[in-house]
Structure formats: structure tokens, C-alpha cells
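Report on one structure; see the data block that follows.
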Amino acid sequence: MDSYLARLGVPRPEVADLAALRVLQEAHLMAVPFENLSVHLGEKIVLRPAALVAKVVDRRRGGFCYELNGAFAALLTDLGYDVTLHSCRVWTGRRFGVPMDHMALRVQLDAPYLVDVGFGKFARYPLRMDVTDPQHDPVGVFEVLPDGPDLAVRGDGTWEYLLDQRPYELFDFTPLAWWHRTSPTSNFTRKLTCSIVTDTGRVTLSGRTLITTSGTERAERAERTIDDDAEILAVYRDTFGIALDTVPAAIANA
């Protein structure tokens, strides 16, 4: 776990409190990319804490929600935080999707906090789960609202997901992780993405399209297509810290 902290560029906190949690969450978002390269490289996705931590620390990789939040939960638990895993139904634009489609974390301190380092564009800092007032974050304004036994999370006026407040085990997310990795209708099999938070916004490589955003409200957005495979590999290496020998098949065959 000391190597994990070194990957994030932060020292081991003396106290497992909210201030340290804020530092850890932001550092994770800025050091470990959200990416689905394993899907397109034919790599297995193993939902065991040791395997997830090894992927982030030893292989210098990222992952998607189950991997990133699973690894982060292991780190937080090691540091003394009270962490539980929760199933989320992601907003599709018309309705909330299926259970287990996303995994987020609850960290119990003096109050319960929602922590999520695996949802792409989301809050940079923990969100209170026991208040309904708008919560201001560098990324925007968020709300956590009761919805029956669940909590509905909104970001800048748009639904994000519906969170099941019952705790789950990492193993419980295995079927949906398999579906995301194998189904031809999964967004992860249809699209190749790698994205990371920066000091000014976010950088995303979607296939051959490099997208840079800066600011939060009315964010400036710049796009360009990269045709050269060597430049693609350089972007993965220099921007996301991921060393690849060859471009993924989804790019090579595009």
C-alpha cells in the first residue's frame, strides 16, 4: 500500500479523516486513468483486491468502475477507513439502468460520504450522503437525494445514478463486469477510452480522438484526430502513464 500511495504521489496520512480522504480521492483521479484497455487487449478482469491493486500499482494501469473503486477501497481500508461497496443503476437518459452496472463507495466518518473514482467525470471530492442541500465541487454542483430506500445522485442538474444503500461484496459485481467485457452491446466493447483528470480539466483519448477540456461550467473543448500509431502510443505513455507495445486492435483496425 505504500507503493500505491507513491503511485498517487501522497504520503501515508497520520489520521483517517475527511481531510486526508479529500486529498486521496483527488490524487487518485489525477494519477490513475479511467480506461477500458483490458477489454480491447484481451486481458482478464479479476475482481479480487490484490489483483486490482497490482494492476494499478505494479502495471501502472487504470481500469473502469469495479477495478478503480475496488482498488481504492482496498487502499482506504488499509489506511483505517470504514468502507463499503455499493451497487448503482446508471442514468441512461430515460431511466435508471440495471443493478450492479456501476460500483461506488461509502466511507463512514462523522457522517457517511460517497466516494467514486471510477465514473469518468464526477465529483473530485467526497459527497455527503446524509444531506440534500446542493454540494459544490470543482467539477460542478451535486445533490444526493432520497429515492425510496436508495439515493439518487445528481450532477449539475442531470441524474448520474441511483445508489443501493445495502453493502455488497466485490465478488457480487463479477457478472456485470463480465458482461461489460464481453457483450457486443456494452459501451466498453464498442468504444475504446482512456481519460484522466488534470489541473485544468480532463484529457481523454477516445479511439484516435484526443479530447481536452478545461474549466467546469461552459468548459472549453478541443478535439483532434491522431492518425499516427507512434503518436497514439506516445499519448498513452506521456499523458496517461500507460506503456503499450502496440496500439489496441480497436485503433489498429479503425
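Convention: chains lettered A, B, ... in C-alpha cells order; per-chain residue numbering from 1; ligands numbered from 1 as shown.
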TODO: Would you please extract all strand (DSSP E or B) residues from stretch 73-213 of chain A, as assigned by DSSP on the backbone, and give them as number ranges by chain?
DONE: A: 82-91, 96, 102-108, 112-115, 127-128, 135-137, 140-147, 150-155, 158-163, 168, 193-197, 201-206, 209-213
Export of prior selection with C-alpha atoms as a PDB file, in the first residue's frame:
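Dumped everything to part38.pdb:
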```pdb
ATOM      1  CA  ASP A  82     -14.651   2.183   7.214  1.00  0.00           C
ATOM      2  CA  VAL A  83     -15.545   1.393   3.568  1.00  0.00           C
ATOM      3  CA  THR A  84     -18.458  -0.456   1.978  1.00  0.00           C
ATOM      4  CA  LEU A  85     -19.181  -1.207  -1.697  1.00  0.00           C
ATOM      5  CA  HIS A  86     -22.496  -0.259  -3.291  1.00  0.00           C
ATOM      6  CA  SER A  87     -24.400  -1.151  -6.437  1.00  0.00           C
ATOM      7  CA  CYS A  88     -25.517   1.699  -8.688  1.00  0.00           C
ATOM      8  CA  ARG A  89     -28.017   1.923 -11.535  1.00  0.00           C
ATOM      9  CA  VAL A  90     -26.669   4.424 -14.069  1.00  0.00           C
ATOM     10  CA  TRP A  91     -28.980   7.025 -15.642  1.00  0.00           C
ATOM     11  CA  PHE A  96     -32.006   4.233 -14.354  1.00  0.00           C
ATOM     12  CA  HIS A 102     -21.691   0.659 -11.556  1.00  0.00           C
ATOM     13  CA  MET A 103     -19.945   0.385  -8.211  1.00  0.00           C
ATOM     14  CA  ALA A 104     -19.367   3.267  -5.799  1.00  0.00           C
ATOM     15  CA  LEU A 105     -18.025   3.519  -2.244  1.00  0.00           C
ATOM     16  CA  ARG A 106     -19.450   4.694   1.045  1.00  0.00           C
ATOM     17  CA  VAL A 107     -16.940   5.855   3.636  1.00  0.00           C
ATOM     18  CA  GLN A 108     -18.286   6.279   7.156  1.00  0.00           C
ATOM     19  CA  PRO A 112     -21.468   8.950   5.518  1.00  0.00           C
ATOM     20  CA  TYR A 113     -19.601  10.069   2.381  1.00  0.00           C
ATOM     21  CA  LEU A 114     -19.965   8.989  -1.234  1.00  0.00           C
ATOM     22  CA  VAL A 115     -16.576   8.326  -2.829  1.00  0.00           C
ATOM     23  CA  LEU A 127     -20.029  13.973  -1.158  1.00  0.00           C
ATOM     24  CA  ARG A 128     -22.150  13.875   1.992  1.00  0.00           C
ATOM     25  CA  GLN A 135     -22.867  20.383  -2.689  1.00  0.00           C
ATOM     26  CA  HIS A 136     -20.337  22.480  -4.559  1.00  0.00           C
ATOM     27  CA  ASP A 137     -17.332  20.750  -6.067  1.00  0.00           C
ATOM     28  CA  GLY A 140     -19.889  21.277 -10.540  1.00  0.00           C
ATOM     29  CA  VAL A 141     -22.835  21.153  -8.149  1.00  0.00           C
ATOM     30  CA  PHE A 142     -24.037  17.772  -6.873  1.00  0.00           C
ATOM     31  CA  GLU A 143     -27.078  16.584  -4.946  1.00  0.00           C
ATOM     32  CA  VAL A 144     -27.694  13.310  -3.105  1.00  0.00           C
ATOM     33  CA  LEU A 145     -31.429  12.800  -2.746  1.00  0.00           C
ATOM     34  CA  PRO A 146     -33.514  10.052  -1.087  1.00  0.00           C
ATOM     35  CA  ASP A 147     -35.409   7.850  -3.553  1.00  0.00           C
ATOM     36  CA  ASP A 150     -31.972   4.285  -2.406  1.00  0.00           C
ATOM     37  CA  LEU A 151     -30.110   7.539  -3.025  1.00  0.00           C
ATOM     38  CA  ALA A 152     -30.380   9.381  -6.342  1.00  0.00           C
ATOM     39  CA  VAL A 153     -27.251  11.333  -7.278  1.00  0.00           C
ATOM     40  CA  ARG A 154     -27.441  14.419  -9.496  1.00  0.00           C
ATOM     41  CA  GLY A 155     -24.613  16.425 -11.047  1.00  0.00           C
ATOM     42  CA  THR A 158     -28.515  15.746 -14.538  1.00  0.00           C
ATOM     43  CA  TRP A 159     -29.108  12.381 -12.909  1.00  0.00           C
ATOM     44  CA  GLU A 160     -25.923  10.350 -12.500  1.00  0.00           C
ATOM     45  CA  TYR A 161     -27.015   7.130 -10.820  1.00  0.00           C
ATOM     46  CA  LEU A 162     -29.269   5.512  -8.226  1.00  0.00           C
ATOM     47  CA  LEU A 163     -27.261   4.071  -5.332  1.00  0.00           C
ATOM     48  CA  TYR A 168     -22.146  -5.683  -1.310  1.00  0.00           C
ATOM     49  CA  THR A 193     -11.464   5.143 -23.985  1.00  0.00           C
ATOM     50  CA  CYS A 194      -8.786   6.417 -21.620  1.00  0.00           C
ATOM     51  CA  SER A 195      -9.409   9.531 -19.531  1.00  0.00           C
ATOM     52  CA  ILE A 196      -7.775  11.378 -16.648  1.00  0.00           C
ATOM     53  CA  VAL A 197      -8.366  14.496 -14.562  1.00  0.00           C
ATOM     54  CA  GLY A 201      -9.981  19.880 -16.634  1.00  0.00           C
ATOM     55  CA  ARG A 202      -9.655  16.470 -18.299  1.00  0.00           C
ATOM     56  CA  VAL A 203      -7.836  14.714 -21.137  1.00  0.00           C
ATOM     57  CA  THR A 204      -9.499  11.805 -22.960  1.00  0.00           C
ATOM     58  CA  LEU A 205      -8.281   9.577 -25.774  1.00  0.00           C
ATOM     59  CA  SER A 206     -11.347   8.023 -27.390  1.00  0.00           C
ATOM     60  CA  THR A 209      -9.660  11.231 -30.996  1.00  0.00           C
ATOM     61  CA  LEU A 210      -7.796  13.261 -28.372  1.00  0.00           C
ATOM     62  CA  ILE A 211     -10.190  15.438 -26.377  1.00  0.00           C
ATOM     63  CA  THR A 212      -9.003  18.148 -23.999  1.00  0.00           C
ATOM     64  CA  THR A 213     -11.407  20.084 -21.791  1.00  0.00           C
TER      65      THR A 213
END
```
Open item on the list: For A:Asp58, find every residue with an atom within 12 Å (counting only C-alpha atoms), except residues of its own chain fewer than 2 positions away, and show them as a list in words.
Closed with: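 With the cut-off at 12 Å, the set is Met1, Ser3, Tyr4, Ala6, Arg7, Ala50, Ala51, Leu52, Val53, Ala54, Lys55, Val56, Arg60, Arg61, Gly62 and Ile242 of chain A.
Here atom CA of A:Trp178 and atom CA of A:Ala243 stand 24.7 Å from one another.
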Task: Near-stretch 30-47 of chain A list (7 Å; only C-alpha atoms; drop same-chain fewer than 2 positions) as a ChimeraX atom specification - done: /A:8,26-28,49,51-52,61-64,67,118,120,170-171,174,181,188-189,192-198,240,248-250
